[in-house]
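Source file: structure.tsv; contents: TSV, C-alpha atoms and all ligand atoms.
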chain	number	residue	atom	x	y	z
A	1	MET	CA	34.70	5.93	14.27
A	2	GLU	CA	34.09	2.23	13.86
A	3	LYS	CA	34.49	1.07	10.29
A	4	HIS	CA	31.21	0.67	8.45
A	5	ALA	CA	30.24	-2.83	7.40
A	6	CYS	CA	27.97	-3.11	4.37
A	7	ARG	CA	24.34	-3.59	5.39
A	8	ALA	CA	24.06	-6.36	2.79
A	9	CYS	CA	27.38	-8.17	2.21
A	10	ARG	CA	29.23	-6.97	5.37
A	11	GLY	CA	32.14	-5.77	3.22
A	12	SER	CA	34.11	-2.83	4.60
A	13	ALA	CA	35.47	-1.39	1.35
A	14	GLY	CA	33.42	1.46	0.02
A	15	HIS	CA	33.12	5.17	-0.67
A	16	LEU	CA	31.23	8.06	0.83
A	17	VAL	CA	29.36	9.22	-2.30
A	18	LEU	CA	26.92	11.83	-0.99
A	19	ASP	CA	27.32	13.95	2.13
A	20	LEU	CA	24.43	16.17	3.23
A	21	GLY	CA	26.19	17.18	6.44
A	22	GLN	CA	24.37	17.49	9.75
A	23	GLN	CA	20.63	17.27	9.24
A	24	PRO	CA	17.62	17.23	11.55
A	25	ALA	CA	15.61	14.03	11.68
A	26	CYS	CA	13.19	14.45	8.77
A	27	ASP	CA	10.82	12.07	10.55
A	28	TYR	CA	10.44	14.24	13.59
A	29	PHE	CA	8.19	17.26	13.16
A	30	PRO	CA	8.33	19.38	16.34
A	31	ARG	CA	5.32	21.34	17.52
A	32	SER	CA	5.25	24.77	15.93
A	33	ASP	CA	5.81	26.42	19.33
A	34	ASP	CA	8.94	24.34	19.97
A	35	PRO	CA	11.72	26.91	19.44
A	36	GLY	CA	14.46	24.36	18.70
A	37	PRO	CA	17.24	24.03	17.82
A	38	ASP	CA	16.38	20.53	16.67
A	39	PRO	CA	19.01	17.81	17.16
A	40	VAL	CA	21.00	17.05	14.01
A	41	TYR	CA	22.68	13.90	12.76
A	42	PRO	CA	25.07	13.15	9.89
A	43	LEU	CA	23.25	12.25	6.67
A	44	GLN	CA	25.54	10.40	4.27
A	45	MET	CA	25.31	7.83	1.49
A	46	TRP	CA	27.96	5.12	1.22
A	47	LEU	CA	28.51	2.88	-1.80
A	48	CYS	CA	29.74	-0.66	-1.12
A	49	SER	CA	32.64	-1.61	-3.39
A	50	SER	CA	31.85	-5.30	-3.02
A	51	CYS	CA	28.11	-5.72	-3.68
A	52	GLY	CA	27.38	-2.20	-4.98
A	53	LEU	CA	24.59	-1.36	-2.52
A	54	ALA	CA	24.19	2.38	-1.93
A	55	GLN	CA	23.23	2.83	1.70
A	56	LEU	CA	22.78	5.14	4.64
A	57	LEU	CA	26.04	5.37	6.55
A	58	ALA	CA	25.24	6.52	10.08
A	59	ASP	CA	22.25	5.05	11.83
A	60	PRO	CA	20.80	7.40	14.44
A	61	THR	CA	17.62	6.15	16.05
A	62	MET	CA	14.69	8.07	14.67
A	63	PRO	CA	11.18	8.61	15.92
A	64	GLU	CA	8.46	7.63	13.48
A	65	GLU	CA	7.01	10.16	11.10
A	66	PRO	CA	3.33	10.94	11.57
A	67	ARG	CA	1.76	8.87	8.81
A	68	GLY	CA	0.63	11.14	6.02
A	69	THR	CA	-2.32	10.78	3.73
A	70	GLU	CA	-1.56	8.46	0.89
A	71	PRO	CA	-0.88	10.39	-2.32
A	72	ALA	CA	-3.33	9.49	-5.08
A	73	ALA	CA	-0.32	8.83	-7.31
A	74	LEU	CA	0.67	5.93	-5.04
A	75	VAL	CA	-2.84	4.49	-5.04
A	76	VAL	CA	-3.04	4.69	-8.83
A	77	GLN	CA	0.39	3.10	-9.22
A	78	ALA	CA	-0.53	0.21	-6.89
A	79	ALA	CA	-3.61	-0.57	-8.98
A	80	ASP	CA	-1.59	-0.33	-12.18
A	81	ALA	CA	1.13	-2.60	-10.75
A	82	VAL	CA	-1.30	-5.26	-9.56
A	83	GLU	CA	-2.98	-5.18	-12.97
A	84	ARG	CA	0.31	-5.61	-14.81
A	85	VAL	CA	1.68	-8.34	-12.53
A	86	ALA	CA	-1.63	-10.21	-12.73
A	87	ALA	CA	-1.24	-10.32	-16.51
A	88	SER	CA	2.00	-12.27	-15.99
A	89	ARG	CA	2.42	-15.74	-14.54
A	90	PHE	CA	3.63	-14.30	-11.23
A	91	LEU	CA	0.28	-13.62	-9.58
A	92	PRO	CA	-1.63	-16.90	-9.72
A	93	ASP	CA	-5.33	-16.97	-8.78
A	94	ARG	CA	-6.03	-18.08	-5.23
A	95	ALA	CA	-2.37	-17.76	-4.26
A	96	VAL	CA	-1.41	-17.01	-0.68
A	97	VAL	CA	0.23	-13.62	-0.22
A	98	ALA	CA	2.22	-11.88	2.51
A	99	GLU	CA	3.12	-8.23	2.38
A	100	TYR	CA	6.01	-6.27	3.83
A	101	GLY	CA	4.72	-2.73	3.65
A	102	SER	CA	6.25	0.67	4.14
A	103	PRO	CA	5.74	2.42	7.49
A	104	HIS	CA	4.50	5.33	5.35
A	105	GLY	CA	1.49	3.30	4.18
A	106	GLY	CA	0.40	2.04	0.78
A	107	SER	CA	-0.78	-1.57	1.24
A	108	TRP	CA	-1.65	-3.64	-1.83
A	109	LEU	CA	-3.47	-6.34	0.15
A	110	GLY	CA	-6.94	-4.97	-0.59
A	111	LEU	CA	-6.25	-5.01	-4.33
A	112	LEU	CA	-4.85	-8.53	-4.11
A	113	ALA	CA	-7.75	-9.80	-2.02
A	114	ALA	CA	-10.11	-8.47	-4.68
A	115	ARG	CA	-8.31	-10.77	-7.13
A	116	GLY	CA	-8.86	-13.79	-4.91
A	117	LEU	CA	-5.48	-13.95	-3.20
A	118	THR	CA	-5.58	-14.80	0.47
A	119	PRO	CA	-3.30	-13.50	3.21
A	120	ALA	CA	-0.71	-15.83	4.74
A	121	ASP	CA	-0.59	-16.73	8.41
A	122	PRO	CA	1.60	-14.29	10.33
A	123	GLY	CA	5.21	-15.31	9.68
A	124	GLY	CA	4.09	-18.22	7.49
A	125	GLN	CA	5.05	-19.12	3.95
A	126	ALA	CA	3.34	-17.58	0.96
A	127	ASP	CA	3.28	-18.07	-2.81
A	128	VAL	CA	3.76	-14.34	-3.23
A	129	ILE	CA	5.91	-12.28	-0.89
A	130	LEU	CA	5.37	-8.64	-1.72
A	131	ASP	CA	7.60	-5.84	-0.53
A	132	CYS	CA	6.50	-2.36	-1.55
A	133	PHE	CA	9.10	0.17	-0.32
A	134	GLY	CA	9.41	-1.85	2.90
A	135	LEU	CA	12.89	-3.33	2.59
A	136	MET	CA	14.62	0.06	2.48
A	137	HIS	CA	13.53	0.64	6.08
A	138	ALA	CA	15.60	-2.27	7.43
A	139	ALA	CA	18.99	-1.38	8.94
A	140	ASP	CA	20.25	-4.93	8.36
A	141	GLN	CA	19.58	-5.45	4.67
A	142	HIS	CA	20.89	-9.00	4.42
A	143	GLN	CA	18.82	-10.20	7.35
A	144	ALA	CA	15.67	-8.48	6.10
A	145	LEU	CA	15.97	-9.93	2.59
A	146	ALA	CA	16.80	-13.40	3.96
A	147	GLU	CA	13.64	-13.28	6.10
A	148	ARG	CA	11.49	-12.42	3.09
A	149	ALA	CA	13.14	-15.03	0.86
A	150	ALA	CA	12.69	-17.76	3.47
A	151	ARG	CA	8.95	-17.15	3.48
A	152	VAL	CA	8.57	-17.75	-0.26
A	153	ALA	CA	6.81	-21.11	-0.68
A	154	PRO	CA	8.27	-23.64	-3.17
A	155	GLY	CA	7.60	-22.31	-6.67
A	156	GLY	CA	6.65	-18.91	-5.30
A	157	VAL	CA	7.80	-15.42	-6.11
A	158	LEU	CA	9.36	-12.50	-4.29
A	159	LEU	CA	8.13	-9.11	-5.58
A	160	LEU	CA	10.26	-6.11	-4.61
A	161	GLN	CA	9.37	-2.53	-5.45
A	162	TYR	CA	11.97	0.23	-5.18
A	163	HIS	CA	12.81	3.74	-6.34
A	164	ALA	CA	15.64	3.07	-8.80
A	165	LEU	CA	19.10	4.38	-7.97
A	166	SER	CA	19.63	5.11	-11.67
A	167	THR	CA	16.69	7.54	-11.39
A	168	ILE	CA	18.15	9.19	-8.30
A	169	ILE	CA	21.51	9.70	-10.04
A	170	GLY	CA	20.09	10.55	-13.47
A	171	SER	CA	17.50	13.04	-12.22
A	172	GLY	CA	19.59	14.66	-9.51
A	173	GLN	CA	17.27	13.46	-6.71
A	174	TRP	CA	19.84	14.03	-3.96
A	175	ASN	CA	17.12	14.62	-1.39
A	176	ALA	CA	15.91	11.04	-1.76
A	177	LEU	CA	18.64	10.42	0.84
A	178	ARG	CA	17.03	10.48	4.26
A	179	HIS	CA	17.34	9.03	7.71
A	180	GLY	CA	15.35	5.82	8.13
A	181	HIS	CA	15.85	4.80	4.49
A	182	TYR	CA	18.85	2.51	4.77
A	183	ALA	CA	19.23	1.37	1.15
A	184	TYR	CA	18.96	2.89	-2.35
A	185	TYR	CA	18.70	0.02	-4.80
A	186	SER	CA	20.05	-0.47	-8.23
A	187	THR	CA	18.79	-3.59	-9.97
A	188	THR	CA	22.47	-4.60	-10.14
A	189	ALA	CA	23.04	-4.41	-6.38
A	190	LEU	CA	19.71	-5.97	-5.56
A	191	THR	CA	20.55	-8.89	-7.84
A	192	ALA	CA	23.76	-9.46	-5.84
A	193	MET	CA	21.75	-9.33	-2.61
A	194	LEU	CA	19.23	-11.81	-4.02
A	195	ALA	CA	22.03	-14.16	-5.12
A	196	ALA	CA	23.22	-14.27	-1.50
A	197	VAL	CA	19.84	-15.72	-0.47
A	198	GLY	CA	19.57	-18.09	-3.45
A	199	PHE	CA	17.21	-16.00	-5.60
A	200	SER	CA	17.48	-14.51	-9.09
A	201	PRO	CA	15.49	-11.80	-10.86
A	202	ARG	CA	13.21	-13.05	-13.67
A	203	THR	CA	11.24	-10.05	-14.85
A	204	ALA	CA	10.37	-6.52	-13.84
A	205	TRP	CA	7.88	-3.73	-14.45
A	206	ARG	CA	8.75	-0.04	-14.66
A	207	PHE	CA	6.66	2.83	-13.31
A	208	ASP	CA	6.93	6.63	-13.49
A	209	LEU	CA	6.39	6.98	-9.75
A	210	TYR	CA	9.16	9.16	-8.19
A	211	GLY	CA	10.59	9.59	-11.68
A	212	GLY	CA	11.46	5.90	-12.03
A	213	THR	CA	10.30	3.01	-9.87
A	214	VAL	CA	10.85	-0.71	-10.46
A	215	LEU	CA	8.90	-3.77	-9.38
A	216	LEU	CA	11.18	-6.79	-9.63
A	217	ALA	CA	10.05	-10.44	-9.60
A	218	ALA	CA	12.61	-12.92	-8.26
A	219	THR	CA	12.36	-16.67	-7.79
A	220	ARG	CA	14.45	-19.29	-6.05
A	221	ASP	CA	17.42	-20.59	-8.02
A	222	GLY	CA	16.75	-24.01	-9.51
A	223	GLU	CA	13.02	-23.30	-9.85
A	224	ARG	CA	11.55	-21.93	-13.08
A	225	GLY	CA	15.05	-22.11	-14.59
A	226	ASP	CA	14.87	-19.19	-17.01
A	227	GLY	CA	17.25	-16.28	-16.46
A	228	PRO	CA	16.53	-12.56	-16.38
A	229	ASP	CA	14.24	-11.44	-19.19
A	230	GLU	CA	14.77	-8.47	-21.48
A	231	VAL	CA	13.18	-6.00	-19.03
A	232	VAL	CA	15.63	-6.97	-16.30
A	233	ARG	CA	18.49	-6.80	-18.78
A	234	SER	CA	17.39	-3.31	-19.81
A	235	LEU	CA	17.47	-2.30	-16.13
A	236	PHE	CA	21.05	-3.58	-15.89
A	237	ALA	CA	21.83	-1.47	-18.95
A	238	ASP	CA	20.26	1.59	-17.27
A	239	ASP	CA	22.41	0.92	-14.22
A	240	ALA	CA	25.55	0.69	-16.31
A	241	ARG	CA	24.71	3.95	-18.09
A	242	ALA	CA	24.04	5.76	-14.81
A	243	GLY	CA	27.21	4.32	-13.28
A	244	VAL	CA	25.52	2.94	-10.17
A	245	ARG	CA	28.70	1.16	-9.04
A	246	ASP	CA	31.04	4.05	-9.83
A	247	PRO	CA	31.61	6.53	-6.96
A	248	ASP	CA	32.44	9.24	-9.52
A	249	ALA	CA	28.94	8.94	-11.00
A	250	PHE	CA	27.56	10.40	-7.76
A	251	SER	CA	29.60	13.62	-7.96
A	252	GLY	CA	26.89	15.32	-9.99
A	253	LEU	CA	24.45	14.54	-7.20
A	254	GLN	CA	26.73	16.24	-4.66
A	255	ARG	CA	27.04	19.31	-6.92
A	256	ASP	CA	23.26	19.40	-7.36
A	257	VAL	CA	22.81	19.88	-3.62
A	258	LEU	CA	24.41	23.34	-3.69
A	259	ALA	CA	22.95	24.34	-7.05
A	260	HIS	CA	19.45	23.27	-6.05
A	261	ALA	CA	19.62	24.98	-2.65
A	262	LYS	CA	20.94	28.22	-4.15
A	263	ALA	CA	18.34	28.25	-6.92
A	264	LEU	CA	15.56	27.79	-4.38
A	265	HIS	CA	16.84	30.48	-2.04
A	266	ASP	CA	17.38	32.96	-4.90
A	267	TRP	CA	13.93	32.33	-6.33
A	268	LEU	CA	12.18	32.75	-2.98
A	269	ALA	CA	14.15	35.94	-2.27
A	270	ALA	CA	13.21	37.34	-5.70
A	271	GLU	CA	9.53	36.53	-5.15
A	272	ARG	CA	9.61	38.24	-1.76
A	273	SER	CA	11.34	41.32	-3.22
A	274	ALA	CA	8.63	41.50	-5.85
A	275	GLY	CA	6.00	41.41	-3.11
A	276	ARG	CA	4.64	38.01	-4.14
A	277	GLU	CA	3.79	35.51	-1.43
A	278	VAL	CA	4.84	31.89	-1.88
A	279	VAL	CA	3.67	29.00	0.28
A	280	GLY	CA	4.97	25.43	0.25
A	281	TYR	CA	3.00	22.23	-0.30
A	282	GLY	CA	3.95	18.78	1.01
A	283	ALA	CA	5.64	18.55	4.44
A	284	ALA	CA	7.68	15.59	3.21
A	285	SER	CA	11.14	14.40	4.14
A	286	ARG	CA	12.43	15.63	0.76
A	287	ALA	CA	11.34	19.15	1.70
A	288	VAL	CA	13.23	19.02	4.99
A	289	ALA	CA	16.70	18.52	3.49
A	290	LEU	CA	16.03	21.04	0.73
A	291	LEU	CA	14.77	23.81	3.04
A	292	CYS	CA	17.63	23.25	5.48
A	293	HIS	CA	20.28	23.37	2.75
A	294	ALA	CA	18.74	26.46	1.21
A	295	HIS	CA	18.53	28.22	4.61
A	296	VAL	CA	14.86	28.98	4.05
A	297	ASP	CA	12.97	30.40	7.01
A	298	ARG	CA	9.41	31.67	7.46
A	299	ALA	CA	10.41	35.12	6.21
A	300	LEU	CA	10.91	33.49	2.78
A	301	LEU	CA	8.32	30.75	3.06
A	302	PRO	CA	5.69	31.55	5.72
A	303	VAL	CA	4.02	28.14	5.75
A	304	VAL	CA	4.10	24.65	4.28
A	305	VAL	CA	0.65	23.22	3.56
A	306	ASP	CA	0.03	19.53	4.13
A	307	ALA	CA	-3.23	17.62	3.87
A	308	SER	CA	-2.34	15.28	6.75
A	309	PRO	CA	-4.19	16.35	9.91
A	310	ALA	CA	-1.37	14.66	11.90
A	311	LYS	CA	1.05	17.34	10.72
A	312	ASP	CA	-1.19	20.37	11.33
A	313	GLY	CA	0.27	22.56	14.09
A	314	LEU	CA	3.78	21.15	13.70
A	315	ARG	CA	6.76	22.80	12.07
A	316	MET	CA	9.33	21.78	9.48
A	317	PRO	CA	12.34	20.20	11.23
A	318	GLY	CA	15.42	22.43	11.29
A	319	THR	CA	13.48	25.58	10.36
A	320	ASP	CA	10.88	27.91	11.91
A	321	ILE	CA	8.37	27.25	9.11
A	322	PRO	CA	4.99	26.03	10.41
A	323	VAL	CA	2.93	23.29	8.76
A	324	ALA	CA	-0.76	24.00	8.28
A	325	GLY	CA	-3.80	22.44	6.67
A	326	PRO	CA	-5.04	23.24	3.16
A	327	SER	CA	-7.47	25.95	4.36
A	328	VAL	CA	-4.42	28.23	4.32
A	329	LEU	CA	-4.49	28.21	0.50
A	330	ALA	CA	-7.89	29.89	0.41
A	331	GLU	CA	-7.00	32.32	3.20
A	332	ARG	CA	-3.70	33.53	1.80
A	333	LYS	CA	-4.36	33.31	-1.95
A	334	PRO	CA	-0.62	32.92	-2.61
A	335	SER	CA	0.87	34.01	-5.92
A	336	ALA	CA	2.73	30.71	-6.07
A	337	VAL	CA	2.60	27.30	-4.39
A	338	LEU	CA	5.95	25.54	-4.24
A	339	VAL	CA	5.31	21.78	-4.45
A	340	PHE	CA	7.89	19.57	-2.72
A	341	VAL	CA	6.37	16.26	-3.86
A	342	PRO	CA	6.13	16.35	-7.67
A	343	ASP	CA	4.04	13.15	-7.70
A	344	LEU	CA	1.30	15.16	-5.99
A	345	MET	CA	1.19	17.90	-8.64
A	346	ALA	CA	-1.68	16.60	-10.80
A	347	GLU	CA	-3.73	15.61	-7.76
A	348	ILE	CA	-3.45	18.92	-5.91
A	349	ARG	CA	-4.08	21.06	-9.00
A	350	ASP	CA	-7.41	19.24	-9.25
A	351	THR	CA	-8.13	19.38	-5.53
A	352	TYR	CA	-7.45	23.12	-5.13
A	353	PRO	CA	-8.68	24.81	-8.33
A	354	ALA	CA	-9.05	28.08	-6.37
A	355	VAL	CA	-5.27	28.54	-6.39
A	356	ALA	CA	-5.09	28.94	-10.16
A	357	ALA	CA	-8.45	30.76	-10.22
A	358	THR	CA	-7.02	33.50	-7.99
A	359	GLY	CA	-3.89	33.80	-10.12
A	360	GLY	CA	-1.62	31.41	-8.19
A	361	ARG	CA	1.03	29.35	-9.96
A	362	TRP	CA	2.02	25.78	-9.09
A	363	VAL	CA	5.81	25.46	-9.05
A	364	ASP	CA	7.75	22.18	-8.88
A	365	ALA	CA	10.49	22.61	-6.26
A	366	ALA	CA	12.54	19.82	-7.81
A	367	ALA	CA	12.55	21.27	-11.32
A	368	LEU	CA	13.23	24.76	-9.98
A	369	GLY	CA	16.64	23.82	-8.72
A	370	SER	CA	17.84	21.14	-11.06
A	371	THR	CA	20.29	22.71	-13.48
A	372	ARG	CA	20.74	19.35	-15.17
A	373	LEU	CA	17.00	19.02	-15.80
A	374	GLN	CA	16.88	22.51	-17.29
A	375	GLN	CA	19.78	21.71	-19.59
A	376	ASP	CA	18.13	18.48	-20.64
A	377	ALA	CA	14.81	20.15	-21.37
B	401	ZN	ZN	28.03	-4.72	0.18

Show the structure stored in the file as structure tokens.
Amino acid sequence: MEKHACRACRGSAGHLVLDLGQQPACDYFPRSDDPGPDPVYPLQMWLCSSCGLAQLLADPTMPEEPRGTEPAALVVQAADAVERVAASRFLPDRAVVAEYGSPHGGSWLGLLAARGLTPADPGGQADVILDCFGLMHAADQHQALAERAARVAPGGVLLLQYHALSTIIGSGQWNALRHGHYAYYSTTALTAMLAAVGFSPRTAWRFDLYGGTVLLAATRDGERGDGPDEVVRSLFADDARAGVRDPDAFSGLQRDVLAHAKALHDWLAAERSAGREVVGYGAASRAVALLCHAHVDRALLPVVVDASPAKDGLRMPGTDIPVAGPSVLAERKPSAVLVFVPDLMAEIRDTYPAVAATGGRWVDAAALGSTRLQQDA
């Protein structure tokens, strides 16, 4: 195998820190009548010893995921973020803005337009370059960041939002690793990447989304000369505590894979033995890796409910479990709904009150398996 070169600094020294083995493409949901087997690809995280960027090792070409409905939690967070950034000096009135969005949706442009910001010409410079979970989708991280940085107008700002690696390590979120997401950022590694394009972090905002999400504001070196503020420094401290540059710090994550998968399988088997039906909720990429590792089939979990019409009639990759629309909840009256996307929990409890009214429980699939979370609680 050709030696891996870091997606950011091109360094070749690094460690395989998380290995999920051969996994189906979590982006590709086959039709439910497609018997499989689905093609599988290695799914591994590599930590660069030079710049510290945690990244996807192999790079199989993936078809695009059918775009899901935007979780309300994301919409609420976007509004909160725009509000908080606007209260700083980094979102000037009437500024020109360009956005690098995520292929999974979640644009902030409408919110920014409502504040008087105007969109940049395609490819043109902007006072505010916003990247909301977009950068992680670029296979060449250096090139993608350089492109964004080059578009920042003199005196402008680069805003980058990412799910923090310290959260992934600290909360045992091993199934954040997925094909198509090439980078898993610590503030430390991102700062090194920014330095390579002549930018430095100035401030940041923290959000609870995904258990810990950061929006970082960076400006060109030599402009607005102040260094990182206390929020950025606290993020560096979080990184140091989590050990984001230490391959050994990821060993807990690797152990969590087995523990989480076993806990899920055992729980589903116990529910079935007791004659209680469980259905899943959220046909997300995180669910794919978890169900595959736990060897869950439709005998244990007959269906995964998803509100996205694009996923209705498909099946979970790597399993025989069909995906169906929310009407299934009323038809089956399950005794428990296993939620694969914890950020959806509050929203779906409100949307489907009939589940609780008919005696159904909402169960967080992430908490179910995380031994570390249970010990911490
Ligand atoms: Zn590197």

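Here the question is which of A:Leu111, A:Met345, A:Cys292, A:Leu190 gets nearest to ligand ZN 401 (chain B) using only C-alpha atoms and all ligand atoms, and that residue is A:Leu190.
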
Name the residues in contact with Leu53 (chain A) at a cut-off of 10 Å, using only C-alpha atoms, excluding same-chain residues fewer than 4 positions from it; report them as a VMD selection string. chain A and resid 6 to 9 14 46 to 49 141 165 183 to 190 192 to 193 244 to 245

Go ahead and write the selection's residues with C-alpha atoms as an mmCIF file, in the frame of the given file.
data_model
loop_
_atom_site.group_PDB
_atom_site.id
_atom_site.type_symbol
_atom_site.label_atom_id
_atom_site.label_comp_id
_atom_site.auth_asym_id
_atom_site.auth_seq_id
_atom_site.Cartn_x
_atom_site.Cartn_y
_atom_site.Cartn_z
ATOM 1 C CA CYS A 6 27.970 -3.110 4.370
ATOM 2 C CA ARG A 7 24.340 -3.590 5.390
ATOM 3 C CA ALA A 8 24.060 -6.360 2.790
ATOM 4 C CA CYS A 9 27.380 -8.170 2.210
ATOM 5 C CA GLY A 14 33.420 1.460 0.020
ATOM 6 C CA TRP A 46 27.960 5.120 1.220
ATOM 7 C CA LEU A 47 28.510 2.880 -1.800
ATOM 8 C CA CYS A 48 29.740 -0.660 -1.120
ATOM 9 C CA SER A 49 32.640 -1.610 -3.390
ATOM 10 C CA GLN A 141 19.580 -5.450 4.670
ATOM 11 C CA LEU A 165 19.100 4.380 -7.970
ATOM 12 C CA ALA A 183 19.230 1.370 1.150
ATOM 13 C CA TYR A 184 18.960 2.890 -2.350
ATOM 14 C CA TYR A 185 18.700 0.020 -4.800
ATOM 15 C CA SER A 186 20.050 -0.470 -8.230
ATOM 16 C CA THR A 187 18.790 -3.590 -9.970
ATOM 17 C CA THR A 188 22.470 -4.600 -10.140
ATOM 18 C CA ALA A 189 23.040 -4.410 -6.380
ATOM 19 C CA LEU A 190 19.710 -5.970 -5.560
ATOM 20 C CA ALA A 192 23.760 -9.460 -5.840
ATOM 21 C CA MET A 193 21.750 -9.330 -2.610
ATOM 22 C CA VAL A 244 25.520 2.940 -10.170
ATOM 23 C CA ARG A 245 28.700 1.160 -9.040
#

Please provide as a PyMOL selection string all residues within 9 Å of region 118-132 of chain A, with the sequence filter that same-chain residues fewer than 2 positions apart are discarded (counting all atoms listed in the file). chain A and resi 90-92+94-102+106-109+112-113+116+134-135+148-162+215

Using only C-alpha atoms, which residues sit within 9 Å of Val231 (chain A) once same-chain residues fewer than 4 positions away are excluded, as an mmCIF file with C-alpha atoms, in the coordinates of the input?
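Final output, saved to out_28.cif:
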data_model
loop_
_atom_site.group_PDB
_atom_site.id
_atom_site.type_symbol
_atom_site.label_atom_id
_atom_site.label_comp_id
_atom_site.auth_asym_id
_atom_site.auth_seq_id
_atom_site.Cartn_x
_atom_site.Cartn_y
_atom_site.Cartn_z
ATOM 1 C CA ARG A 202 13.210 -13.050 -13.670
ATOM 2 C CA THR A 203 11.240 -10.050 -14.850
ATOM 3 C CA ALA A 204 10.370 -6.520 -13.840
ATOM 4 C CA TRP A 205 7.880 -3.730 -14.450
ATOM 5 C CA ARG A 206 8.750 -0.040 -14.660
ATOM 6 C CA LEU A 235 17.470 -2.300 -16.130
ATOM 7 C CA PHE A 236 21.050 -3.580 -15.890
#

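Separating CA of Gly280 (chain A) from CA of Pro37 (chain A) is a distance of 21.5 Å.
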
Expected answer as a PyMOL selection string: all residues with atoms within 9 Å of (18.3, -1.0, 7.0), all atoms listed in the file: chain A and resi 7-8+55-56+59+135-142+144+180-183

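Each of A:Leu253, A:Leu74, A:Ala263, A:Val197 was checked against Ser166 (chain A) using all atoms listed in the file; the smallest atom-to-atom distance is that of A:Leu253.
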
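With CA of Ala261 (chain A) on one side and CA of Gly172 (chain A) on the other, the separation reads 12.4 Å.
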
What does the distance between CA of Asp33 (chain A) and CA of Asp320 (chain A) come to in Å, to one decimal place? 9.1 Å

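Nearest to ligand ZN 401 (chain B) of all the residues A:Arg276, A:Arg10, A:Lys3, A:Arg286 is A:Arg10, based on only C-alpha atoms and all ligand atoms.
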
Near Leu209 (chain A), within 9 Å and counting only C-alpha atoms, which residues show up once chain neighbours fewer than 4 positions away are dropped, as a PyMOL selection string? chain A and resi 73-74+77+163+213-214+343

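Between ligand ZN 401 (chain B) and the residues A:Pro24, A:Val232, A:Gly52, A:Pro39, the shortest atom-to-atom distance, using all atoms listed in the file, involves A:Gly52.
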
Using all atoms listed in the file, which residue out of A:Leu16, A:Ser50, A:Pro317, A:Ala218 lies closest to ligand ZN 401 (chain B)? A:Ser50

List as a PyMOL selection string: which residues have an atom within 12 Å of (-4.0, 29.0, 4.4), counting all atoms listed in the file? chain A and resi 277-281+302-307+312+322-334+337+352+354-355

Which one is closest to ligand ZN 401 (chain B): A:Val257, A:Ala25, A:Ala196, A:Ala81? Count all atoms listed in the file. A:Ala196
